[in-house]
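Report on the following structure.
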Amino acid sequence: MESILLLVHTETDGALAKPALEALTAALALGGELTVGLVGGAVEPAANLAAAAGARRILAVTGEPFTQPRYATDAAAAEAIARAAGAAIVLAPATARWARALPGVAYRLGGRIDTHATGLAARDGAPAVNRWFYRQRMEAVLTRTARPWLVLLDAGCFAPWSEATPQATPGTAAGSAQVEFVPVEAPQSRTTVTGVQAPKADEQTIRPDAKLLFVAGAGWTKKQPDGAVHVEEAQQLILGALRGAQASLGGSKSLVDLSGEGQAVLPFMTHLNQVGQTGSTPRHQKGLSTCCHGEEPHVVGWRFVTERRAVNLDPNCGWSRGKADVVYVADAFAVVRELNRLLG
Ligand SMILES: Cc1cc2nc3c(=O)[nH]c(=O)nc-3n(C[C@H](O)[C@H](O)[C@H](O)COP(=O)(O)OP(=O)(O)OC[C@H]3O[C@@H](n4cnc5c(N)ncnc54)[C@H](O)[C@@H]3O)c2cc1C
């Protein structure tokens, strides 16, 4: 196998987040000589972990300018590490930071980049990369002759590395990392990070690590059998289910588009929640669809959801045509009310 560089950025405490640990598993499984490149304010815990995992070289770019996610500094750090490592294959987790910076780095290095890799295997001494096309309808296996070849690995496709992972070099002690610091002049930047604005933890509805994806469709905002709409109650029921099950919230396109149409809307539902052909393709173990018709452009976003159930008043909805494992022909208001009672 060709030489591999794994690029990761560290958290504020110098540790590695889950996507980086997943990418480490993928890099080790390829079997080539591994260099780990670290970018961040503190890198020691990550360097120790990389050493324990069996990395041959550990390169790092540190310093205040490299603590913040910013194209100019991230690209400069990644380019410097890639040149110092001279690796043929450069792997990185598809975090917002690397997804933004690495295509430009590939150009600077005269290499090529592929994004959204969901699988990686060694084939004739070189990597073969799995990638889905046409909104997850077709899967391809790619190889390339151009080098360096940069590959961004999607989150949730590999088990995160831990000390117990079999690829760890036996007998390598944590805390023995020899880090080579790569000097990088921080480029001039007009971007200054002044703070982070994020929703309060209990308002967070997109939870990639949740076991359950709870999908709400436009039916929640439609006239119900009594002839009236019950958006207020729909809101309470959906939020109750999310809290009770610690589920992640998905929406159909019709529902997330309603806010633009001046109709009754669920205020916590945004386009970021949209699942489907023109939305996201989340990777939860289980999915529960409520008040959503299950049309193909929506269901294509459920490609990686393993166990699917749906609640719909209409026995002829798309879910009942082989798209769900179980369909409850029932009133979702009644079902979720009962579900929330059971969840306590
Ligand atoms: C190019 C293209 C791209 C698209 N991309 C996407 C995409 O990414 N994601 C996406 O979601 N859609 C997408 N769509 C739209 C998609 O085809 C559907 O129009 C959309 O998914 C319908 O949303 P819905 O099922 O929530 O709404 P509706 O079709 O209005 O269905 C509402 C459902 O709620 C049910 N219902 C109502 N009240 C209750 C109740 N009390 N209990 C139980 N069930 C109830 C009804 O029976 C009905 O089945 C795309 C379309 C096109 C053309």
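Residues in the structure tokens are named by chain (A, B, ... in the order shown) and by number from 1 within that chain; ligands are numbered from 1 in the order shown.
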Would you list the residues that come within 8 Å of ligand 1? Count only C-alpha atoms and all ligand atoms and give the answer as a VMD selection string.
chain A and resid 216 to 225 251 to 255 274 to 280 290 to 301 311 to 314 317 to 318 329 to 334
What's around Ala146 (chain A) at 9 Å? Count only C-alpha atoms, leave out sequence neighbours fewer than 4 positions away in its own chain, and write the answer as JSON, numbers by chain.
{"A": [88, 110, 111, 112]}
Write out, as a PDB file, in the first residue's frame, the residues just selected, with C-alpha atoms.
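Saved to again.pdb:
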ATOM      1  CA  ALA A  88       0.520   9.657  -2.046  1.00  0.00           C
ATOM      2  CA  GLY A 110      -1.465  19.494  -8.118  1.00  0.00           C
ATOM      3  CA  GLY A 111      -3.456  16.496  -6.873  1.00  0.00           C
ATOM      4  CA  ARG A 112      -7.055  15.332  -7.062  1.00  0.00           C
TER       5      ARG A 112
END
Apply DSSP to the structure's backbone, then extract all residues of region 304-336 of chain A labelled strand (DSSP E or B) and return them as a ChimeraX atom specification.
/A:307-312,326-329
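When the distance limit is 10 Å and only C-alpha atoms are what count, the residues near region 183-194 of chain A, minus those fewer than 5 positions from it on the same chain, are A:Ala60, A:Val61, A:Thr62, A:Gly63, A:Glu64, A:Pro65, A:Phe66, A:Gln68, A:Pro69, A:Arg70, A:Tyr71, A:Ala72, A:Thr73, A:Asp74, A:Ala75, A:Ala76, A:Ala77, A:Ala78, A:Glu79, A:Ala80, A:Ile81.
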For Val151 (chain A), please output as a list in words all residues within 7 Å (counting only C-alpha atoms; exclusion window: fewer than 6 positions along the same chain).
Val90, Leu91, Ala92, Ile113, Asp114, Thr115 and Ala117 of chain A
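Taking only C-alpha atoms into account, Ile238 (chain A) lies nearest to A:Val335 out of the set A:Ser162, A:Thr143, A:Val335, A:Lys323.
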